[in-house]
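> Below: one structure in structure tokens.
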Amino acid sequence: MRRPAPWFIARTVLAVAAVASICVVLLNARAGSGIGAGRGDGGLLSVLGSVGQPRLEDSPASAYYEDDSSYIDAGSQFRPGATFFHQRGIDHVLRIMVASDRRNVAGMVTVVHSVVTNTRWNHSALVFHLVVEDEPMQSHVHAWIRHYHPNVTLDFRVFNASWVAARAPVLGHRKELGSPLNFARYFIPDLYPDVTGRLVFLDDDVVVQGDIAELYHVQMDPAHFIAFSTECSHGERVSAYRDYLNFSHPAIAKKHMDPDACPFNAGVFVAHMRKWRVNHITQRLVGWLQRNSRDPYIYGTGESGGASQPPLLIVFYGLFTPIADPLWHVKHLGWTASKAYSAEYLKSAKLLHWNGMWKPWLRIGRHLNRWMPWYVEDPTGQYHPERKLVGGRVVELPLS
């Protein structure tokens, strides 16, 4: 039997190596959608919460918090907009995500109602990705919204609280910030693996008075894939990075961030989910969550008390586009009355945010007259508000 020629052997070896390289690239791309590659693929998130739950240290997340800056794809030339989506067939619908637990169920429904009521976008092309605490809450919210808006698409997920259980210590007085649903925004690619285009994330304590399509199509810097509203809009500085992070801690010091830099508010953002996956954002956020759970003095003593915002501030430092129009995020309505805006300004705002302790559906809430017009009664009779507006006056209702 003749031996193959040397040139044939060399060519065969190169071909095998090329195939192996392609396989590695494909596997890496599949793994880049989050901690796991989605439901049913054997990824980490598909087994979290099951018997023999893996430790977070066993996941790829632990590799990202040491020097996460190297994972940002700063060379992206993505320039989003309606034309981009229609031409490429990525997304012809407008996607909004809201996450909430039972305590804030009225807030979630009010967000959806305000968005649908005030948009000129085709209602049948609106998709609300709603992340809830459990299946009974899912059934309740579904019936409540469907009663008023039968044409919008509701895409529910029940959040697996074990993904963040015991990893989100809150040292401040606002323990509600440690709710697992407050961290659902970290796991968007794993909750919705088929979403590849733009998505608007809204906290459950906002109302949208403008057309959400305007926010959805906000212009971003070509090198960015996420847009936030800063705390320096409307001509004032409310806080700085030093209010959220411990700059004396070595883990923060090595990031070389400016402690006086203007932070953003993570309760409202627009993000492109393919870029989120490519840049391993979920892994990096969970990596910081893991590290702070072992050493809560990295950011657990700041203004947020160790909630979901500090990891986002770290990962997206200098790598986000500010939402230019301050009317698209009028904040701090859930703080004291001294944080006041004129009635005309609140009426003209396109998005109002009750970040703070005094949510409008609570008895101690603020600015009820701006939230109540978008609240709709629960047709199932399961939820009863604590207050109502009667003739323009706030009326306290008996607690059930």
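In the structure tokens, chains take letters A, B, ... by order of appearance, with residues numbered from 1 within each chain and ligands from 1 in the order shown.
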Can you tell me, as a ChimeraX atom specification, which residues in segment 163-328 of chain A count as strand (DSSP E or B) by DSSP?
/A:198-202,206-208,226-230,264-272,321-322
> Show me a table, sorted first by chain and then by increasing residue number, of the residues of segment 309-337 of chain A having an atom at most 8 Å from segment 264-280 of chain A, each with its shortest atom pair and the distance in Å to one decimal, counting only C-alpha atoms and written as CSV.

residue,atom,partner,partner_atom,distance
A:Gln309,CA,A:Ala266,CA,6.2
A:Leu312,CA,A:Ala266,CA,7.4
A:Leu313,CA,A:Phe264,CA,7.3
A:His329,CA,A:Val268,CA,7.6
> For those residues, write C-alpha atoms to a file as a CSV table (one decimal), in the first residue's frame.

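File result_10.csv, as written:
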chain,number,residue,atom,x,y,z
A,309,GLN,CA,-27.5,49.2,40.7
A,312,LEU,CA,-24.4,48.0,36.5
A,313,LEU,CA,-22.5,51.2,37.3
A,329,HIS,CA,-36.9,60.1,32.9
> Need to verify the contact set: Ile252 of chain A, 12 Å, only C-alpha atoms, exclusion of same-chain residues closer than 5 positions in sequence. Can you return it as a PDB file with N, CA and C atoms, in the first residue's frame?

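Result saved to part21.pdb:
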ATOM      1  N   TYR A  65     -15.345  39.286  36.946  1.00  0.00           N
ATOM      2  CA  TYR A  65     -15.352  40.488  37.779  1.00  0.00           C
ATOM      3  C   TYR A  65     -13.969  41.040  38.027  1.00  0.00           C
ATOM      4  N   GLU A  66     -12.918  40.268  37.737  1.00  0.00           N
ATOM      5  CA  GLU A  66     -11.582  40.762  38.030  1.00  0.00           C
ATOM      6  C   GLU A  66     -11.195  41.904  37.103  1.00  0.00           C
ATOM      7  N   ASP A  67     -11.443  41.730  35.805  1.00  0.00           N
ATOM      8  CA  ASP A  67     -11.086  42.787  34.863  1.00  0.00           C
ATOM      9  C   ASP A  67     -12.101  42.773  33.727  1.00  0.00           C
ATOM     10  N   ASP A  68     -13.310  43.205  34.045  1.00  0.00           N
ATOM     11  CA  ASP A  68     -14.372  43.052  33.075  1.00  0.00           C
ATOM     12  C   ASP A  68     -14.270  44.018  31.907  1.00  0.00           C
ATOM     13  N   TYR A 241     -20.690  58.612  41.724  1.00  0.00           N
ATOM     14  CA  TYR A 241     -20.294  57.201  41.843  1.00  0.00           C
ATOM     15  C   TYR A 241     -19.888  56.866  43.274  1.00  0.00           C
ATOM     16  N   ARG A 242     -19.289  57.808  43.973  1.00  0.00           N
ATOM     17  CA  ARG A 242     -18.826  57.538  45.329  1.00  0.00           C
ATOM     18  C   ARG A 242     -19.983  57.221  46.270  1.00  0.00           C
ATOM     19  N   TYR A 244     -22.297  55.152  45.641  1.00  0.00           N
ATOM     20  CA  TYR A 244     -22.714  53.772  45.420  1.00  0.00           C
ATOM     21  C   TYR A 244     -21.595  52.759  45.670  1.00  0.00           C
ATOM     22  N   LEU A 245     -20.349  53.187  45.502  1.00  0.00           N
ATOM     23  CA  LEU A 245     -19.222  52.258  45.546  1.00  0.00           C
ATOM     24  C   LEU A 245     -18.226  52.675  46.608  1.00  0.00           C
ATOM     25  N   ASN A 246     -17.519  51.695  47.157  1.00  0.00           N
ATOM     26  CA  ASN A 246     -16.484  51.944  48.162  1.00  0.00           C
ATOM     27  C   ASN A 246     -15.139  52.083  47.449  1.00  0.00           C
ATOM     28  N   PHE A 247     -14.733  53.311  47.206  1.00  0.00           N
ATOM     29  CA  PHE A 247     -13.521  53.549  46.417  1.00  0.00           C
ATOM     30  C   PHE A 247     -12.245  53.247  47.192  1.00  0.00           C
ATOM     31  N   MET A 257     -11.989  54.194  38.232  1.00  0.00           N
ATOM     32  CA  MET A 257     -13.173  55.007  37.949  1.00  0.00           C
ATOM     33  C   MET A 257     -13.084  56.319  38.722  1.00  0.00           C
ATOM     34  N   ASP A 258     -13.693  57.343  38.179  1.00  0.00           N
ATOM     35  CA  ASP A 258     -13.724  58.651  38.831  1.00  0.00           C
ATOM     36  C   ASP A 258     -14.819  58.640  39.895  1.00  0.00           C
ATOM     37  N   PRO A 259     -14.484  58.808  41.172  1.00  0.00           N
ATOM     38  CA  PRO A 259     -15.524  58.786  42.211  1.00  0.00           C
ATOM     39  C   PRO A 259     -16.542  59.906  42.074  1.00  0.00           C
ATOM     40  N   TRP A 288     -19.850  40.345  39.916  1.00  0.00           N
ATOM     41  CA  TRP A 288     -19.778  41.373  40.965  1.00  0.00           C
ATOM     42  C   TRP A 288     -20.758  41.078  42.091  1.00  0.00           C
ATOM     43  N   ARG A 291     -19.076  38.488  44.207  1.00  0.00           N
ATOM     44  CA  ARG A 291     -17.963  38.992  44.998  1.00  0.00           C
ATOM     45  C   ARG A 291     -18.457  39.841  46.171  1.00  0.00           C
ATOM     46  N   ASN A 292     -19.483  40.660  45.922  1.00  0.00           N
ATOM     47  CA  ASN A 292     -19.992  41.492  47.005  1.00  0.00           C
ATOM     48  C   ASN A 292     -20.716  40.676  48.069  1.00  0.00           C
ATOM     49  N   TYR A 297     -18.538  45.007  51.631  1.00  0.00           N
ATOM     50  CA  TYR A 297     -18.010  46.360  51.733  1.00  0.00           C
ATOM     51  C   TYR A 297     -17.441  46.861  50.407  1.00  0.00           C
ATOM     52  N   ILE A 298     -17.614  46.074  49.323  1.00  0.00           N
ATOM     53  CA  ILE A 298     -17.242  46.577  48.009  1.00  0.00           C
ATOM     54  C   ILE A 298     -18.217  47.676  47.597  1.00  0.00           C
ATOM     55  N   TYR A 299     -19.504  47.401  47.733  1.00  0.00           N
ATOM     56  CA  TYR A 299     -20.498  48.432  47.450  1.00  0.00           C
ATOM     57  C   TYR A 299     -21.710  48.330  48.359  1.00  0.00           C
ATOM     58  N   PRO A 310     -25.263  48.978  41.759  1.00  0.00           N
ATOM     59  CA  PRO A 310     -23.802  49.108  41.702  1.00  0.00           C
ATOM     60  C   PRO A 310     -23.107  48.240  40.653  1.00  0.00           C
ATOM     61  N   PRO A 311     -23.443  46.954  40.495  1.00  0.00           N
ATOM     62  CA  PRO A 311     -22.773  46.196  39.428  1.00  0.00           C
ATOM     63  C   PRO A 311     -22.998  46.789  38.041  1.00  0.00           C
ATOM     64  N   LEU A 313     -23.387  49.973  37.399  1.00  0.00           N
ATOM     65  CA  LEU A 313     -22.527  51.152  37.329  1.00  0.00           C
ATOM     66  C   LEU A 313     -21.090  50.758  37.022  1.00  0.00           C
ATOM     67  N   ILE A 314     -20.638  49.647  37.585  1.00  0.00           N
ATOM     68  CA  ILE A 314     -19.265  49.193  37.350  1.00  0.00           C
ATOM     69  C   ILE A 314     -19.096  48.716  35.919  1.00  0.00           C
ATOM     70  N   VAL A 315     -19.970  47.835  35.486  1.00  0.00           N
ATOM     71  CA  VAL A 315     -19.826  47.207  34.169  1.00  0.00           C
ATOM     72  C   VAL A 315     -19.978  48.216  33.040  1.00  0.00           C
ATOM     73  N   TYR A 317     -19.504  51.563  33.207  1.00  0.00           N
ATOM     74  CA  TYR A 317     -18.814  52.833  33.451  1.00  0.00           C
ATOM     75  C   TYR A 317     -18.211  53.353  32.138  1.00  0.00           C
TER      76      TYR A 317
END
> Which of segment 208-253 of chain A end up as helix (DSSP H, G or I) when DSSP is run on this backbone - answer as a ChimeraX atom specification?
/A:212-216,241-243,250-253
> A:Ala213, A:Arg95, A:Trp358, A:Leu130: which is nearest Thr196 of chain A, counting only C-alpha atoms?
A:Arg95
> Report, in Å with one decimal, the straight-line distance from atom CA of Met372 of chain A to atom CA of Ser229 of chain A.
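Computed distance, atom CA of Met372 of chain A to atom CA of Ser229 of chain A, equals 24.2 Å.
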> Just the residues within 12 Å of Ser139 of chain A, please, counting only C-alpha atoms, with nothing from its chain fewer than 4 positions along; format it as an MDAnalysis selection string.
chainID A and resid 102 105 130 132:135 143:146 154:158 380 382
> Using Å and a single decimal, report how far atom CA of Lys359 of chain A sits from atom CA of Phe320 of chain A.
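Rounded to one decimal, the two atoms are 27.9 Å apart.
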> What gap, in Å, lies between atom CA of Gln283 of chain A and atom CA of Val238 of chain A?
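Value for the atom CA of Gln283 of chain A-atom CA of Val238 of chain A distance: 29.5 Å.
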> Considering only C-alpha atoms, state which residue in the set A:Ile364, A:Val112, A:Cys232, A:Ala184 is at the smallest distance from Val127 of chain A.
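Closest to Val127 of chain A of all the choices is A:Val112.
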> Might you pull out every residue within 9 Å of Trp328 of chain A, with only C-alpha atoms counted and same-chain residues fewer than 5 positions away left off, and present them as a PDB file with N, CA, C and O atoms, in the first residue's frame?

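As a result, selection13.pdb now contains:
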ATOM      1  N   VAL A 208     -45.554  55.903  31.894  1.00  0.00           N
ATOM      2  CA  VAL A 208     -45.077  56.461  30.628  1.00  0.00           C
ATOM      3  C   VAL A 208     -46.168  57.344  30.062  1.00  0.00           C
ATOM      4  O   VAL A 208     -47.258  56.870  29.729  1.00  0.00           O
ATOM      5  N   GLY A 210     -45.415  59.583  27.506  1.00  0.00           N
ATOM      6  CA  GLY A 210     -45.064  59.850  26.124  1.00  0.00           C
ATOM      7  C   GLY A 210     -45.227  58.592  25.287  1.00  0.00           C
ATOM      8  O   GLY A 210     -45.683  57.552  25.769  1.00  0.00           O
ATOM      9  N   LEU A 215     -38.659  56.477  22.896  1.00  0.00           N
ATOM     10  CA  LEU A 215     -37.584  55.988  23.742  1.00  0.00           C
ATOM     11  C   LEU A 215     -36.939  54.758  23.130  1.00  0.00           C
ATOM     12  O   LEU A 215     -35.714  54.604  23.162  1.00  0.00           O
ATOM     13  N   SER A 229     -30.527  57.135  31.638  1.00  0.00           N
ATOM     14  CA  SER A 229     -30.656  58.539  32.027  1.00  0.00           C
ATOM     15  C   SER A 229     -29.722  58.788  33.205  1.00  0.00           C
ATOM     16  O   SER A 229     -29.729  58.031  34.178  1.00  0.00           O
ATOM     17  N   ILE A 323     -29.448  59.261  27.880  1.00  0.00           N
ATOM     18  CA  ILE A 323     -30.706  59.651  27.242  1.00  0.00           C
ATOM     19  C   ILE A 323     -30.804  61.165  27.339  1.00  0.00           C
ATOM     20  O   ILE A 323     -30.918  61.723  28.423  1.00  0.00           O
ATOM     21  N   ALA A 349     -43.869  65.694  31.433  1.00  0.00           N
ATOM     22  CA  ALA A 349     -42.885  64.611  31.446  1.00  0.00           C
ATOM     23  C   ALA A 349     -43.374  63.434  30.612  1.00  0.00           C
ATOM     24  O   ALA A 349     -44.564  63.110  30.588  1.00  0.00           O
ATOM     25  N   LYS A 350     -42.426  62.784  29.937  1.00  0.00           N
ATOM     26  CA  LYS A 350     -42.769  61.612  29.130  1.00  0.00           C
ATOM     27  C   LYS A 350     -42.680  60.319  29.936  1.00  0.00           C
ATOM     28  O   LYS A 350     -43.314  59.321  29.583  1.00  0.00           O
ATOM     29  N   LEU A 351     -41.878  60.344  30.997  1.00  0.00           N
ATOM     30  CA  LEU A 351     -41.775  59.175  31.881  1.00  0.00           C
ATOM     31  C   LEU A 351     -41.531  59.669  33.295  1.00  0.00           C
ATOM     32  O   LEU A 351     -40.611  60.460  33.528  1.00  0.00           O
ATOM     33  N   LEU A 352     -42.352  59.207  34.235  1.00  0.00           N
ATOM     34  CA  LEU A 352     -42.220  59.553  35.644  1.00  0.00           C
ATOM     35  C   LEU A 352     -41.777  58.322  36.424  1.00  0.00           C
ATOM     36  O   LEU A 352     -42.295  57.222  36.201  1.00  0.00           O
TER      37      LEU A 352
END
> Would you pick out the contacts of Met97 of chain A at 7 Å or less, using only C-alpha atoms, so that residues sharing its chain but fewer than 3 positions from it are not included, and give the list as a PDB file with all heavy atoms, in the first residue's frame?

ATOM      1  N   PHE A 128     -44.942  42.786  25.693  1.00  0.00           N
ATOM      2  CA  PHE A 128     -44.537  43.039  27.075  1.00  0.00           C
ATOM      3  C   PHE A 128     -43.970  41.756  27.665  1.00  0.00           C
ATOM      4  O   PHE A 128     -44.676  40.753  27.793  1.00  0.00           O
ATOM      5  CB  PHE A 128     -45.730  43.521  27.907  1.00  0.00           C
ATOM      6  CG  PHE A 128     -46.176  44.914  27.561  1.00  0.00           C
ATOM      7  CD1 PHE A 128     -47.176  45.121  26.618  1.00  0.00           C
ATOM      8  CD2 PHE A 128     -45.595  46.011  28.174  1.00  0.00           C
ATOM      9  CE1 PHE A 128     -47.580  46.396  26.290  1.00  0.00           C
ATOM     10  CE2 PHE A 128     -45.990  47.301  27.850  1.00  0.00           C
ATOM     11  CZ  PHE A 128     -46.991  47.497  26.907  1.00  0.00           C
ATOM     12  N   HIS A 129     -42.693  41.813  27.980  1.00  0.00           N
ATOM     13  CA  HIS A 129     -42.028  40.696  28.641  1.00  0.00           C
ATOM     14  C   HIS A 129     -42.149  40.934  30.145  1.00  0.00           C
ATOM     15  O   HIS A 129     -41.480  41.813  30.701  1.00  0.00           O
ATOM     16  CB  HIS A 129     -40.561  40.622  28.208  1.00  0.00           C
ATOM     17  CG  HIS A 129     -40.391  40.429  26.732  1.00  0.00           C
ATOM     18  ND1 HIS A 129     -40.615  39.230  26.118  1.00  0.00           N
ATOM     19  CD2 HIS A 129     -40.028  41.302  25.755  1.00  0.00           C
ATOM     20  CE1 HIS A 129     -40.389  39.348  24.809  1.00  0.00           C
ATOM     21  NE2 HIS A 129     -40.037  40.605  24.573  1.00  0.00           N
ATOM     22  N   LEU A 130     -43.014  40.180  30.795  1.00  0.00           N
ATOM     23  CA  LEU A 130     -43.356  40.407  32.193  1.00  0.00           C
ATOM     24  C   LEU A 130     -42.786  39.291  33.058  1.00  0.00           C
ATOM     25  O   LEU A 130     -43.134  38.113  32.877  1.00  0.00           O
ATOM     26  CB  LEU A 130     -44.868  40.501  32.357  1.00  0.00           C
ATOM     27  CG  LEU A 130     -45.563  41.564  31.479  1.00  0.00           C
ATOM     28  CD1 LEU A 130     -47.062  41.533  31.691  1.00  0.00           C
ATOM     29  CD2 LEU A 130     -44.993  42.953  31.762  1.00  0.00           C
ATOM     30  N   VAL A 200     -36.715  47.692  25.803  1.00  0.00           N
ATOM     31  CA  VAL A 200     -36.808  48.753  26.807  1.00  0.00           C
ATOM     32  C   VAL A 200     -37.105  48.101  28.154  1.00  0.00           C
ATOM     33  O   VAL A 200     -38.076  47.338  28.275  1.00  0.00           O
ATOM     34  CB  VAL A 200     -37.917  49.764  26.470  1.00  0.00           C
ATOM     35  CG1 VAL A 200     -38.030  50.829  27.559  1.00  0.00           C
ATOM     36  CG2 VAL A 200     -37.660  50.414  25.121  1.00  0.00           C
ATOM     37  N   PHE A 201     -36.279  48.376  29.154  1.00  0.00           N
ATOM     38  CA  PHE A 201     -36.544  47.895  30.506  1.00  0.00           C
ATOM     39  C   PHE A 201     -37.141  49.038  31.319  1.00  0.00           C
ATOM     40  O   PHE A 201     -36.606  50.153  31.327  1.00  0.00           O
ATOM     41  CB  PHE A 201     -35.276  47.395  31.192  1.00  0.00           C
ATOM     42  CG  PHE A 201     -35.519  46.952  32.614  1.00  0.00           C
ATOM     43  CD1 PHE A 201     -35.929  45.661  32.893  1.00  0.00           C
ATOM     44  CD2 PHE A 201     -35.376  47.850  33.671  1.00  0.00           C
ATOM     45  CE1 PHE A 201     -36.194  45.262  34.190  1.00  0.00           C
ATOM     46  CE2 PHE A 201     -35.639  47.463  34.979  1.00  0.00           C
ATOM     47  CZ  PHE A 201     -36.048  46.164  35.238  1.00  0.00           C
ATOM     48  N   LEU A 202     -38.238  48.745  32.021  1.00  0.00           N
ATOM     49  CA  LEU A 202     -38.892  49.739  32.864  1.00  0.00           C
ATOM     50  C   LEU A 202     -39.109  49.162  34.253  1.00  0.00           C
ATOM     51  O   LEU A 202     -39.630  48.048  34.397  1.00  0.00           O
ATOM     52  CB  LEU A 202     -40.249  50.139  32.274  1.00  0.00           C
ATOM     53  CG  LEU A 202     -40.265  50.747  30.868  1.00  0.00           C
ATOM     54  CD1 LEU A 202     -41.691  50.958  30.404  1.00  0.00           C
ATOM     55  CD2 LEU A 202     -39.492  52.059  30.831  1.00  0.00           C
TER      56      LEU A 202
END
